[in-house]
$ cat start-v8.cif   # mmCIF, N, CA and C atoms
data_work
#
loop_
_atom_site.label_atom_id
_atom_site.label_comp_id
_atom_site.auth_asym_id
_atom_site.auth_seq_id
_atom_site.Cartn_x
_atom_site.Cartn_y
_atom_site.Cartn_z
N MET A 270 59.27 77.49 80.75
CA MET A 270 58.67 76.32 81.36
C MET A 270 57.42 75.88 80.58
N GLN A 271 56.64 76.85 80.11
CA GLN A 271 55.44 76.53 79.35
C GLN A 271 55.78 75.79 78.06
N VAL A 272 56.84 76.22 77.40
CA VAL A 272 57.26 75.59 76.14
C VAL A 272 57.65 74.13 76.39
N ILE A 273 58.49 73.91 77.37
CA ILE A 273 58.94 72.54 77.66
C ILE A 273 57.75 71.68 78.07
N ASN A 274 56.88 72.21 78.90
CA ASN A 274 55.69 71.49 79.33
C ASN A 274 54.84 71.09 78.12
N ASN A 275 54.59 72.03 77.21
CA ASN A 275 53.77 71.73 76.04
C ASN A 275 54.43 70.68 75.13
N LEU A 276 55.74 70.81 74.92
CA LEU A 276 56.42 69.84 74.05
C LEU A 276 56.41 68.44 74.65
N ILE A 277 56.65 68.34 75.94
CA ILE A 277 56.63 67.03 76.59
C ILE A 277 55.20 66.47 76.60
N SER A 278 54.22 67.33 76.85
CA SER A 278 52.82 66.88 76.82
C SER A 278 52.45 66.35 75.44
N ASN A 279 52.89 67.04 74.39
CA ASN A 279 52.63 66.56 73.03
C ASN A 279 53.32 65.23 72.77
N ALA A 280 54.56 65.10 73.23
CA ALA A 280 55.28 63.83 73.04
C ALA A 280 54.53 62.69 73.73
N ILE A 281 54.03 62.94 74.93
CA ILE A 281 53.27 61.92 75.65
C ILE A 281 51.98 61.59 74.89
N LYS A 282 51.32 62.62 74.39
CA LYS A 282 50.04 62.45 73.69
C LYS A 282 50.16 61.57 72.45
N PHE A 283 51.32 61.67 71.77
CA PHE A 283 51.47 60.98 70.49
C PHE A 283 52.48 59.83 70.52
N THR A 284 52.84 59.37 71.72
CA THR A 284 53.77 58.26 71.87
C THR A 284 53.07 57.15 72.65
N ALA A 285 53.21 55.92 72.18
CA ALA A 285 52.60 54.77 72.85
C ALA A 285 53.16 54.62 74.27
N ASP A 286 52.41 53.91 75.10
CA ASP A 286 52.82 53.72 76.50
C ASP A 286 54.20 53.11 76.64
N ASP A 287 54.60 52.27 75.70
CA ASP A 287 55.93 51.65 75.78
C ASP A 287 56.98 52.41 74.95
N GLY A 288 56.65 53.64 74.53
CA GLY A 288 57.55 54.44 73.71
C GLY A 288 58.63 55.14 74.54
N VAL A 289 59.45 55.91 73.84
CA VAL A 289 60.57 56.61 74.47
C VAL A 289 60.44 58.11 74.20
N ILE A 290 60.63 58.90 75.26
CA ILE A 290 60.66 60.35 75.16
C ILE A 290 61.94 60.81 75.85
N GLU A 291 62.72 61.64 75.16
CA GLU A 291 63.98 62.14 75.71
C GLU A 291 64.02 63.65 75.63
N VAL A 292 64.63 64.26 76.63
CA VAL A 292 64.88 65.70 76.62
C VAL A 292 66.37 65.90 76.79
N ASP A 293 66.98 66.61 75.84
CA ASP A 293 68.42 66.90 75.89
C ASP A 293 68.62 68.41 75.97
N ILE A 294 69.60 68.82 76.76
CA ILE A 294 69.94 70.24 76.87
C ILE A 294 71.44 70.37 76.62
N LYS A 295 71.79 71.26 75.70
CA LYS A 295 73.20 71.49 75.38
C LYS A 295 73.53 72.97 75.59
N ASP A 296 74.56 73.20 76.37
CA ASP A 296 75.05 74.55 76.61
C ASP A 296 76.02 74.90 75.50
N GLN A 297 75.66 75.89 74.70
CA GLN A 297 76.52 76.34 73.62
C GLN A 297 77.08 77.70 74.00
N GLN A 298 77.98 78.24 73.20
CA GLN A 298 78.65 79.48 73.58
C GLN A 298 77.69 80.63 73.87
N GLN A 299 76.80 80.92 72.95
CA GLN A 299 75.88 82.04 73.11
C GLN A 299 74.44 81.62 73.37
N THR A 300 74.16 80.34 73.18
CA THR A 300 72.78 79.87 73.26
C THR A 300 72.67 78.57 74.07
N VAL A 301 71.45 78.21 74.32
CA VAL A 301 71.13 76.90 74.91
C VAL A 301 70.24 76.18 73.89
N MET A 302 70.58 74.93 73.60
CA MET A 302 69.80 74.12 72.67
C MET A 302 69.07 73.04 73.48
N ILE A 303 67.76 73.00 73.32
CA ILE A 303 66.94 71.99 73.99
C ILE A 303 66.29 71.16 72.88
N ALA A 304 66.33 69.84 73.05
CA ALA A 304 65.70 68.94 72.08
C ALA A 304 64.76 68.01 72.82
N VAL A 305 63.55 67.89 72.31
CA VAL A 305 62.56 66.94 72.85
C VAL A 305 62.30 65.94 71.74
N ARG A 306 62.63 64.68 72.01
CA ARG A 306 62.57 63.62 71.01
C ARG A 306 61.63 62.52 71.48
N ASP A 307 60.86 61.98 70.54
CA ASP A 307 60.02 60.83 70.86
C ASP A 307 60.03 59.85 69.68
N ASN A 308 59.57 58.65 69.94
CA ASN A 308 59.43 57.67 68.86
C ASN A 308 57.95 57.36 68.64
N GLY A 309 57.15 58.40 68.71
CA GLY A 309 55.70 58.29 68.55
C GLY A 309 55.26 58.20 67.11
N ILE A 310 54.05 58.67 66.85
CA ILE A 310 53.43 58.50 65.54
C ILE A 310 53.96 59.47 64.49
N GLY A 311 54.69 60.49 64.91
CA GLY A 311 55.29 61.42 63.96
C GLY A 311 54.26 62.31 63.27
N ILE A 312 54.75 63.14 62.39
CA ILE A 312 53.93 64.12 61.68
C ILE A 312 54.14 63.89 60.18
N SER A 313 53.05 63.73 59.46
CA SER A 313 53.19 63.50 58.02
C SER A 313 53.82 64.72 57.36
N GLU A 314 54.64 64.45 56.37
CA GLU A 314 55.40 65.51 55.71
C GLU A 314 54.51 66.60 55.12
N ASP A 315 53.34 66.24 54.64
CA ASP A 315 52.46 67.24 54.05
C ASP A 315 51.90 68.22 55.08
N MET A 316 52.01 67.90 56.37
CA MET A 316 51.55 68.79 57.43
C MET A 316 52.67 69.65 58.02
N HIS A 317 53.91 69.36 57.69
CA HIS A 317 55.04 70.12 58.25
C HIS A 317 54.91 71.63 58.07
N PRO A 318 54.53 72.13 56.89
CA PRO A 318 54.47 73.58 56.71
C PRO A 318 53.42 74.27 57.58
N TYR A 319 52.46 73.52 58.10
CA TYR A 319 51.33 74.12 58.82
C TYR A 319 51.41 73.95 60.33
N LEU A 320 52.39 73.24 60.82
CA LEU A 320 52.42 72.85 62.22
C LEU A 320 52.35 74.03 63.18
N PHE A 321 53.02 75.13 62.86
CA PHE A 321 53.08 76.27 63.79
C PHE A 321 51.99 77.31 63.52
N ASP A 322 51.07 77.04 62.59
CA ASP A 322 49.97 77.97 62.31
C ASP A 322 48.95 77.95 63.44
N ARG A 323 48.33 79.12 63.70
CA ARG A 323 47.21 79.17 64.64
C ARG A 323 46.04 78.40 64.04
N PHE A 324 45.38 77.62 64.87
CA PHE A 324 44.27 76.76 64.43
C PHE A 324 44.70 75.93 63.22
N THR A 325 45.88 75.37 63.34
CA THR A 325 46.49 74.61 62.25
C THR A 325 45.61 73.46 61.79
N LYS A 326 45.75 73.13 60.52
CA LYS A 326 45.07 71.94 60.01
C LYS A 326 45.90 70.69 60.29
N ALA A 327 47.08 70.88 60.87
CA ALA A 327 47.96 69.75 61.20
C ALA A 327 47.64 69.24 62.60
N ILE A 328 46.36 68.99 62.86
CA ILE A 328 45.97 68.49 64.18
C ILE A 328 45.36 67.11 64.05
N ARG A 329 45.45 66.37 65.13
CA ARG A 329 44.78 65.08 65.20
C ARG A 329 44.63 64.69 66.67
N THR A 330 43.73 63.78 66.89
CA THR A 330 43.45 63.31 68.24
C THR A 330 44.64 62.51 68.76
N GLY A 331 44.93 62.67 70.06
CA GLY A 331 46.02 61.93 70.68
C GLY A 331 45.72 60.43 70.74
N LEU A 332 46.74 59.66 71.04
CA LEU A 332 46.60 58.20 71.09
C LEU A 332 45.64 57.73 72.16
N ARG A 333 45.40 58.56 73.17
CA ARG A 333 44.51 58.19 74.26
C ARG A 333 43.20 58.99 74.21
N GLY A 334 42.90 59.53 73.03
CA GLY A 334 41.64 60.24 72.83
C GLY A 334 41.66 61.71 73.17
N GLU A 335 42.83 62.30 73.44
CA GLU A 335 42.92 63.72 73.77
C GLU A 335 42.47 64.55 72.57
N GLU A 336 41.55 65.46 72.80
CA GLU A 336 41.02 66.30 71.73
C GLU A 336 41.97 67.46 71.42
N PRO A 337 42.26 67.70 70.15
CA PRO A 337 43.16 68.80 69.77
C PRO A 337 42.42 70.13 69.68
N VAL A 338 43.19 71.21 69.85
CA VAL A 338 42.65 72.55 69.70
C VAL A 338 43.26 73.23 68.48
N GLY A 339 44.54 72.97 68.24
CA GLY A 339 45.21 73.57 67.09
C GLY A 339 45.97 74.83 67.42
N LEU A 340 46.19 75.11 68.71
CA LEU A 340 46.90 76.33 69.12
C LEU A 340 48.24 76.06 69.79
N GLY A 341 48.45 74.86 70.30
CA GLY A 341 49.62 74.57 71.12
C GLY A 341 50.95 74.93 70.49
N MET A 342 51.18 74.49 69.26
CA MET A 342 52.47 74.75 68.62
C MET A 342 52.62 76.21 68.25
N SER A 343 51.53 76.87 67.92
CA SER A 343 51.57 78.31 67.64
C SER A 343 51.99 79.09 68.89
N ILE A 344 51.43 78.70 70.04
CA ILE A 344 51.78 79.34 71.31
C ILE A 344 53.25 79.10 71.64
N ILE A 345 53.70 77.87 71.45
CA ILE A 345 55.11 77.55 71.71
C ILE A 345 56.02 78.43 70.87
N LYS A 346 55.74 78.52 69.58
CA LYS A 346 56.58 79.32 68.69
C LYS A 346 56.58 80.79 69.10
N THR A 347 55.42 81.32 69.45
CA THR A 347 55.33 82.72 69.87
C THR A 347 56.17 82.97 71.12
N ILE A 348 56.06 82.11 72.12
CA ILE A 348 56.84 82.28 73.35
C ILE A 348 58.33 82.25 73.05
N ILE A 349 58.76 81.30 72.24
CA ILE A 349 60.18 81.18 71.91
C ILE A 349 60.67 82.43 71.17
N GLU A 350 59.89 82.89 70.21
CA GLU A 350 60.30 84.09 69.46
C GLU A 350 60.32 85.33 70.34
N LEU A 351 59.42 85.41 71.33
CA LEU A 351 59.45 86.54 72.27
C LEU A 351 60.72 86.54 73.12
N HIS A 352 61.35 85.38 73.23
CA HIS A 352 62.63 85.25 73.95
C HIS A 352 63.81 85.24 72.98
N ASN A 353 63.58 85.73 71.76
CA ASN A 353 64.62 85.80 70.72
C ASN A 353 65.21 84.44 70.37
N GLY A 354 64.39 83.42 70.45
CA GLY A 354 64.83 82.08 70.12
C GLY A 354 64.20 81.58 68.83
N THR A 355 64.55 80.35 68.50
CA THR A 355 64.00 79.70 67.32
C THR A 355 63.56 78.28 67.68
N ILE A 356 62.63 77.77 66.90
CA ILE A 356 62.19 76.39 67.04
C ILE A 356 62.09 75.78 65.65
N TYR A 357 62.48 74.54 65.54
CA TYR A 357 62.31 73.79 64.31
C TYR A 357 62.18 72.32 64.68
N PHE A 358 61.82 71.50 63.72
CA PHE A 358 61.60 70.10 64.04
C PHE A 358 61.93 69.21 62.85
N GLU A 359 62.12 67.95 63.17
CA GLU A 359 62.25 66.88 62.19
C GLU A 359 61.25 65.82 62.59
N SER A 360 60.53 65.29 61.64
CA SER A 360 59.55 64.27 61.97
C SER A 360 59.25 63.42 60.76
N LYS A 361 59.06 62.15 61.02
CA LYS A 361 58.63 61.21 59.98
C LYS A 361 57.46 60.43 60.54
N GLU A 362 56.44 60.32 59.73
CA GLU A 362 55.26 59.59 60.16
C GLU A 362 55.62 58.17 60.55
N ASN A 363 55.09 57.72 61.67
CA ASN A 363 55.30 56.39 62.24
C ASN A 363 56.72 56.15 62.75
N GLU A 364 57.54 57.20 62.82
CA GLU A 364 58.91 57.06 63.34
C GLU A 364 59.19 57.99 64.51
N GLY A 365 58.42 59.07 64.65
CA GLY A 365 58.63 59.98 65.76
C GLY A 365 59.04 61.37 65.33
N SER A 366 59.28 62.21 66.32
CA SER A 366 59.60 63.61 66.08
C SER A 366 60.70 64.06 67.03
N ILE A 367 61.39 65.10 66.60
CA ILE A 367 62.33 65.79 67.48
C ILE A 367 62.16 67.28 67.27
N PHE A 368 61.93 67.99 68.35
CA PHE A 368 61.77 69.44 68.31
C PHE A 368 63.00 70.07 68.93
N PHE A 369 63.56 71.04 68.22
CA PHE A 369 64.76 71.75 68.68
C PHE A 369 64.39 73.18 69.03
N ILE A 370 64.81 73.63 70.18
CA ILE A 370 64.63 75.00 70.62
C ILE A 370 66.01 75.57 70.88
N GLU A 371 66.28 76.74 70.33
CA GLU A 371 67.54 77.42 70.60
C GLU A 371 67.22 78.82 71.10
N THR A 372 67.72 79.13 72.29
CA THR A 372 67.47 80.43 72.88
C THR A 372 68.79 81.06 73.35
N PRO A 373 68.88 82.37 73.32
CA PRO A 373 70.06 83.03 73.86
C PRO A 373 70.16 82.76 75.36
N LYS A 374 71.39 82.76 75.86
CA LYS A 374 71.58 82.59 77.31
C LYS A 374 71.09 83.81 78.06
#

$ encode --input "start-v8.cif" --output "structure tokens"
Amino acid sequence: MQVINNLISNAIKFTADDGVIEVDIKDQQQTVMIAVRDNGIGISEDMHPYLFDRFTKAIRTGLRGEEPVGLGMSIIKTIIELHNGTIYFESKENEGSIFFIETPK
């Protein structure tokens, strides 16, 4: 629940008021795949390698002035890995992001 909450909160933080945020859940044979997609400001490609680092340099203020800490994505990744899952993402600046979580059933 914490992971989904954080991903949706991030999507809200970086998506304009008239933007779109979607959550998809797919039941696969051995795993469950969850995707959180938005059409927000996206993440610049040069920051992709650092996104899951603790106190990452891939931080910025939200669209409504929310101050970043730099720990959220690191915490998400840790929780998912503690559940034997994986997380990855696709993002293009000014086009949005999609985060994929795959966890065993």

$ residues_near_point --input "start-v8.cif" --point "(64.4, 67.1, 67.9)" --cutoff "6.5 Å" --atoms "only N, CA and C atoms" --output "PyMOL selection string"
chain A and resi 304-306+358-359+366-369

$ write_last_selection --input "start-v8.cif" --atoms "N, CA and C atoms" --output "PDB file, in the frame of the given file"
ATOM      1  N   ALA A 304      66.330  69.840  73.050  1.00  0.00           N
ATOM      2  CA  ALA A 304      65.700  68.940  72.080  1.00  0.00           C
ATOM      3  C   ALA A 304      64.760  68.010  72.820  1.00  0.00           C
ATOM      4  N   VAL A 305      63.550  67.890  72.310  1.00  0.00           N
ATOM      5  CA  VAL A 305      62.560  66.940  72.850  1.00  0.00           C
ATOM      6  C   VAL A 305      62.300  65.940  71.740  1.00  0.00           C
ATOM      7  N   ARG A 306      62.630  64.680  72.010  1.00  0.00           N
ATOM      8  CA  ARG A 306      62.570  63.620  71.010  1.00  0.00           C
ATOM      9  C   ARG A 306      61.630  62.520  71.480  1.00  0.00           C
ATOM     10  N   PHE A 358      61.820  71.500  63.720  1.00  0.00           N
ATOM     11  CA  PHE A 358      61.600  70.100  64.040  1.00  0.00           C
ATOM     12  C   PHE A 358      61.930  69.210  62.850  1.00  0.00           C
ATOM     13  N   GLU A 359      62.120  67.950  63.170  1.00  0.00           N
ATOM     14  CA  GLU A 359      62.250  66.880  62.190  1.00  0.00           C
ATOM     15  C   GLU A 359      61.250  65.820  62.590  1.00  0.00           C
ATOM     16  N   SER A 366      59.280  62.210  66.320  1.00  0.00           N
ATOM     17  CA  SER A 366      59.600  63.610  66.080  1.00  0.00           C
ATOM     18  C   SER A 366      60.700  64.060  67.030  1.00  0.00           C
ATOM     19  N   ILE A 367      61.390  65.100  66.600  1.00  0.00           N
ATOM     20  CA  ILE A 367      62.330  65.790  67.480  1.00  0.00           C
ATOM     21  C   ILE A 367      62.160  67.280  67.270  1.00  0.00           C
ATOM     22  N   PHE A 368      61.930  67.990  68.350  1.00  0.00           N
ATOM     23  CA  PHE A 368      61.770  69.440  68.310  1.00  0.00           C
ATOM     24  C   PHE A 368      63.000  70.070  68.930  1.00  0.00           C
ATOM     25  N   PHE A 369      63.560  71.040  68.220  1.00  0.00           N
ATOM     26  CA  PHE A 369      64.760  71.750  68.680  1.00  0.00           C
ATOM     27  C   PHE A 369      64.390  73.180  69.030  1.00  0.00           C
TER      28      PHE A 369
END

$ residues_around --input "start-v8.cif" --residues "Glu314 (chain A)" --least-positions-apart "3" --cutoff "6.5 Å" --atoms "only N, CA and C atoms" --output "MDAnalysis selection string"
chainID A and resid 317:318 360:362

$ resolve_selection --input "start-v8.cif" --expression "the PyMOL selection byres ((chain A and resi 301) around 6)" --output "MDAnalysis selection string"
chainID A and resid 295:297 299:300 302:303 370:374

$ closest_residue --input "start-v8.cif" --among "A:Glu364, A:Asp315, A:Glu291, A:Asp322" --to "Met342 (chain A)" --atoms "all atoms listed in the file"
A:Asp322

$ closest_residue --input "start-v8.cif" --among "A:Asp286, A:Ser313, A:Ile348, A:Val292" --to "Val272 (chain A)" --atoms "all atoms listed in the file"
A:Ile348

$ resolve_selection --input "start-v8.cif" --expression "the PyMOL selection byres ((chain A and resi 273-284) around 6.5)" --output "list in words"
Met270, Gln271, Val272, Ala285, Asp286, Asp287, Gly288, Val289, Asp307, Asn308, Gly309, Ile310, Gly311, Gly331, Leu332 and Arg333 of chain A

$ write_last_selection --input "start-v8.cif" --atoms "N, CA and C atoms" --output "CSV table (one decimal), in the coordinates of the input"
chain,number,residue,atom,x,y,z
A,270,MET,N,59.3,77.5,80.8
A,270,MET,CA,58.7,76.3,81.4
A,270,MET,C,57.4,75.9,80.6
A,271,GLN,N,56.6,76.8,80.1
A,271,GLN,CA,55.4,76.5,79.4
A,271,GLN,C,55.8,75.8,78.1
A,272,VAL,N,56.8,76.2,77.4
A,272,VAL,CA,57.3,75.6,76.1
A,272,VAL,C,57.6,74.1,76.4
A,285,ALA,N,53.2,55.9,72.2
A,285,ALA,CA,52.6,54.8,72.8
A,285,ALA,C,53.2,54.6,74.3
A,286,ASP,N,52.4,53.9,75.1
A,286,ASP,CA,52.8,53.7,76.5
A,286,ASP,C,54.2,53.1,76.6
A,287,ASP,N,54.6,52.3,75.7
A,287,ASP,CA,55.9,51.6,75.8
A,287,ASP,C,57.0,52.4,75.0
A,288,GLY,N,56.6,53.6,74.5
A,288,GLY,CA,57.6,54.4,73.7
A,288,GLY,C,58.6,55.1,74.5
A,289,VAL,N,59.4,55.9,73.8
A,289,VAL,CA,60.6,56.6,74.5
A,289,VAL,C,60.4,58.1,74.2
A,307,ASP,N,60.9,62.0,70.5
A,307,ASP,CA,60.0,60.8,70.9
A,307,ASP,C,60.0,59.8,69.7
A,308,ASN,N,59.6,58.6,69.9
A,308,ASN,CA,59.4,57.7,68.9
A,308,ASN,C,58.0,57.4,68.6
A,309,GLY,N,57.2,58.4,68.7
A,309,GLY,CA,55.7,58.3,68.6
A,309,GLY,C,55.3,58.2,67.1
A,310,ILE,N,54.0,58.7,66.8
A,310,ILE,CA,53.4,58.5,65.5
A,310,ILE,C,54.0,59.5,64.5
A,311,GLY,N,54.7,60.5,64.9
A,311,GLY,CA,55.3,61.4,64.0
A,311,GLY,C,54.3,62.3,63.3
A,331,GLY,N,44.9,62.7,70.1
A,331,GLY,CA,46.0,61.9,70.7
A,331,GLY,C,45.7,60.4,70.7
A,332,LEU,N,46.7,59.7,71.0
A,332,LEU,CA,46.6,58.2,71.1
A,332,LEU,C,45.6,57.7,72.2
A,333,ARG,N,45.4,58.6,73.2
A,333,ARG,CA,44.5,58.2,74.3
A,333,ARG,C,43.2,59.0,74.2

$ atom_distance --input "start-v8.cif" --atom1 "CA of Ile294 (chain A)" --atom2 "CA of Tyr357 (chain A)"
15.1 Å

$ axis_aligned_box --input "start-v8.cif" --around "region 341-346 of chain A" --padding-each-side "8 Å" --output "AutoDock Vina command-line options"
--center_x 52.5 --center_y 77.6 --center_z 69.7 --size_x 24.1 --size_y 22.3 --size_z 20.1

$ select_by_dssp --input "start-v8.cif" --residues "chain A" --states "strand (DSSP E)" --output "PyMOL selection string"
chain A and resi 290-296+300-307+355-361+365-373

$ write_last_selection --input "start-v8.cif" --atoms "N, CA and C atoms" --output "PDB file, keeping the file's coordinate frame"
ATOM      1  N   ILE A 290      60.630  58.900  75.260  1.00  0.00           N
ATOM      2  CA  ILE A 290      60.660  60.350  75.160  1.00  0.00           C
ATOM      3  C   ILE A 290      61.940  60.810  75.850  1.00  0.00           C
ATOM      4  N   GLU A 291      62.720  61.640  75.160  1.00  0.00           N
ATOM      5  CA  GLU A 291      63.980  62.140  75.710  1.00  0.00           C
ATOM      6  C   GLU A 291      64.020  63.650  75.630  1.00  0.00           C
ATOM      7  N   VAL A 292      64.630  64.260  76.630  1.00  0.00           N
ATOM      8  CA  VAL A 292      64.880  65.700  76.620  1.00  0.00           C
ATOM      9  C   VAL A 292      66.370  65.900  76.790  1.00  0.00           C
ATOM     10  N   ASP A 293      66.980  66.610  75.840  1.00  0.00           N
ATOM     11  CA  ASP A 293      68.420  66.900  75.890  1.00  0.00           C
ATOM     12  C   ASP A 293      68.620  68.410  75.970  1.00  0.00           C
ATOM     13  N   ILE A 294      69.600  68.820  76.760  1.00  0.00           N
ATOM     14  CA  ILE A 294      69.940  70.240  76.870  1.00  0.00           C
ATOM     15  C   ILE A 294      71.440  70.370  76.620  1.00  0.00           C
ATOM     16  N   LYS A 295      71.790  71.260  75.700  1.00  0.00           N
ATOM     17  CA  LYS A 295      73.200  71.490  75.380  1.00  0.00           C
ATOM     18  C   LYS A 295      73.530  72.970  75.590  1.00  0.00           C
ATOM     19  N   ASP A 296      74.560  73.200  76.370  1.00  0.00           N
ATOM     20  CA  ASP A 296      75.050  74.550  76.610  1.00  0.00           C
ATOM     21  C   ASP A 296      76.020  74.900  75.500  1.00  0.00           C
ATOM     22  N   THR A 300      74.160  80.340  73.180  1.00  0.00           N
ATOM     23  CA  THR A 300      72.780  79.870  73.260  1.00  0.00           C
ATOM     24  C   THR A 300      72.670  78.570  74.070  1.00  0.00           C
ATOM     25  N   VAL A 301      71.450  78.210  74.320  1.00  0.00           N
ATOM     26  CA  VAL A 301      71.130  76.900  74.910  1.00  0.00           C
ATOM     27  C   VAL A 301      70.240  76.180  73.890  1.00  0.00           C
ATOM     28  N   MET A 302      70.580  74.930  73.600  1.00  0.00           N
ATOM     29  CA  MET A 302      69.800  74.120  72.670  1.00  0.00           C
ATOM     30  C   MET A 302      69.070  73.040  73.480  1.00  0.00           C
ATOM     31  N   ILE A 303      67.760  73.000  73.320  1.00  0.00           N
ATOM     32  CA  ILE A 303      66.940  71.990  73.990  1.00  0.00           C
ATOM     33  C   ILE A 303      66.290  71.160  72.880  1.00  0.00           C
ATOM     34  N   ALA A 304      66.330  69.840  73.050  1.00  0.00           N
ATOM     35  CA  ALA A 304      65.700  68.940  72.080  1.00  0.00           C
ATOM     36  C   ALA A 304      64.760  68.010  72.820  1.00  0.00           C
ATOM     37  N   VAL A 305      63.550  67.890  72.310  1.00  0.00           N
ATOM     38  CA  VAL A 305      62.560  66.940  72.850  1.00  0.00           C
ATOM     39  C   VAL A 305      62.300  65.940  71.740  1.00  0.00           C
ATOM     40  N   ARG A 306      62.630  64.680  72.010  1.00  0.00           N
ATOM     41  CA  ARG A 306      62.570  63.620  71.010  1.00  0.00           C
ATOM     42  C   ARG A 306      61.630  62.520  71.480  1.00  0.00           C
ATOM     43  N   ASP A 307      60.860  61.980  70.540  1.00  0.00           N
ATOM     44  CA  ASP A 307      60.020  60.830  70.860  1.00  0.00           C
ATOM     45  C   ASP A 307      60.030  59.850  69.680  1.00  0.00           C
ATOM     46  N   THR A 355      64.550  80.350  68.500  1.00  0.00           N
ATOM     47  CA  THR A 355      64.000  79.700  67.320  1.00  0.00           C
ATOM     48  C   THR A 355      63.560  78.280  67.680  1.00  0.00           C
ATOM     49  N   ILE A 356      62.630  77.770  66.900  1.00  0.00           N
ATOM     50  CA  ILE A 356      62.190  76.390  67.040  1.00  0.00           C
ATOM     51  C   ILE A 356      62.090  75.780  65.650  1.00  0.00           C
ATOM     52  N   TYR A 357      62.480  74.540  65.540  1.00  0.00           N
ATOM     53  CA  TYR A 357      62.310  73.790  64.310  1.00  0.00           C
ATOM     54  C   TYR A 357      62.180  72.320  64.680  1.00  0.00           C
ATOM     55  N   PHE A 358      61.820  71.500  63.720  1.00  0.00           N
ATOM     56  CA  PHE A 358      61.600  70.100  64.040  1.00  0.00           C
ATOM     57  C   PHE A 358      61.930  69.210  62.850  1.00  0.00           C
ATOM     58  N   GLU A 359      62.120  67.950  63.170  1.00  0.00           N
ATOM     59  CA  GLU A 359      62.250  66.880  62.190  1.00  0.00           C
ATOM     60  C   GLU A 359      61.250  65.820  62.590  1.00  0.00           C
ATOM     61  N   SER A 360      60.530  65.290  61.640  1.00  0.00           N
ATOM     62  CA  SER A 360      59.550  64.270  61.970  1.00  0.00           C
ATOM     63  C   SER A 360      59.250  63.420  60.760  1.00  0.00           C
ATOM     64  N   LYS A 361      59.060  62.150  61.020  1.00  0.00           N
ATOM     65  CA  LYS A 361      58.630  61.210  59.980  1.00  0.00           C
ATOM     66  C   LYS A 361      57.460  60.430  60.540  1.00  0.00           C
ATOM     67  N   GLY A 365      58.420  59.070  64.650  1.00  0.00           N
ATOM     68  CA  GLY A 365      58.630  59.980  65.760  1.00  0.00           C
ATOM     69  C   GLY A 365      59.040  61.370  65.330  1.00  0.00           C
ATOM     70  N   SER A 366      59.280  62.210  66.320  1.00  0.00           N
ATOM     71  CA  SER A 366      59.600  63.610  66.080  1.00  0.00           C
ATOM     72  C   SER A 366      60.700  64.060  67.030  1.00  0.00           C
ATOM     73  N   ILE A 367      61.390  65.100  66.600  1.00  0.00           N
ATOM     74  CA  ILE A 367      62.330  65.790  67.480  1.00  0.00           C
ATOM     75  C   ILE A 367      62.160  67.280  67.270  1.00  0.00           C
ATOM     76  N   PHE A 368      61.930  67.990  68.350  1.00  0.00           N
ATOM     77  CA  PHE A 368      61.770  69.440  68.310  1.00  0.00           C
ATOM     78  C   PHE A 368      63.000  70.070  68.930  1.00  0.00           C
ATOM     79  N   PHE A 369      63.560  71.040  68.220  1.00  0.00           N
ATOM     80  CA  PHE A 369      64.760  71.750  68.680  1.00  0.00           C
ATOM     81  C   PHE A 369      64.390  73.180  69.030  1.00  0.00           C
ATOM     82  N   ILE A 370      64.810  73.630  70.180  1.00  0.00           N
ATOM     83  CA  ILE A 370      64.630  75.000  70.620  1.00  0.00           C
ATOM     84  C   ILE A 370      66.010  75.570  70.880  1.00  0.00           C
ATOM     85  N   GLU A 371      66.280  76.740  70.330  1.00  0.00           N
ATOM     86  CA  GLU A 371      67.540  77.420  70.600  1.00  0.00           C
ATOM     87  C   GLU A 371      67.220  78.820  71.100  1.00  0.00           C
ATOM     88  N   THR A 372      67.720  79.130  72.290  1.00  0.00           N
ATOM     89  CA  THR A 372      67.470  80.430  72.880  1.00  0.00           C
ATOM     90  C   THR A 372      68.790  81.060  73.350  1.00  0.00           C
ATOM     91  N   PRO A 373      68.880  82.370  73.320  1.00  0.00           N
ATOM     92  CA  PRO A 373      70.060  83.030  73.860  1.00  0.00           C
ATOM     93  C   PRO A 373      70.160  82.760  75.360  1.00  0.00           C
TER      94      PRO A 373
END

$ atom_distance --input "start-v8.cif" --atom1 "atom C of Gly365 (chain A)" --atom2 "atom N of Ile312 (chain A)"
5.5 Å

$ atom_distance --input "start-v8.cif" --atom1 "CA of Leu320 (chain A)" --atom2 "CA of Asn363 (chain A)"
16.7 Å

$ select_by_dssp --input "start-v8.cif" --residues "chain A" --states "helix (DSSP H, G or I)" --output "list in words"
Gln271, Val272, Ile273, Asn274, Asn275, Leu276, Ile277, Ser278, Asn279, Ala280, Ile281, Lys282, Glu314, Asp315, Met316, His317, Pro318, Tyr319, Gly341, Met342, Ser343, Ile344, Ile345, Lys346, Thr347, Ile348, Ile349, Glu350 and Leu351 of chain A

$ decode --input "start-v8.cif" --residues "region 363-368 of chain A" --atoms "N, CA and C atoms" --output "JSON list (two decimals), in the first residue's frame"
[["chain", "number", "residue", "atom", "x", "y", "z"],
["A", 363, "ASN", "N", 8.67, 16.08, -20.31],
["A", 363, "ASN", "CA", 7.52, 16.78, -20.88],
["A", 363, "ASN", "C", 6.50, 15.85, -21.53],
["A", 364, "GLU", "N", 6.63, 14.54, -21.33],
["A", 364, "GLU", "CA", 5.66, 13.59, -21.89],
["A", 364, "GLU", "C", 5.04, 12.69, -20.82],
["A", 365, "GLY", "N", 5.70, 12.54, -19.67],
["A", 365, "GLY", "CA", 5.14, 11.72, -18.61],
["A", 365, "GLY", "C", 5.99, 10.51, -18.28],
["A", 366, "SER", "N", 5.49, 9.73, -17.35],
["A", 366, "SER", "CA", 6.22, 8.57, -16.84],
["A", 366, "SER", "C", 5.27, 7.40, -16.65],
["A", 367, "ILE", "N", 5.85, 6.22, -16.67],
["A", 367, "ILE", "CA", 5.12, 5.01, -16.29],
["A", 367, "ILE", "C", 6.05, 4.16, -15.44],
["A", 368, "PHE", "N", 5.58, 3.81, -14.27],
["A", 368, "PHE", "CA", 6.33, 2.96, -13.35],
["A", 368, "PHE", "C", 5.69, 1.59, -13.32]]
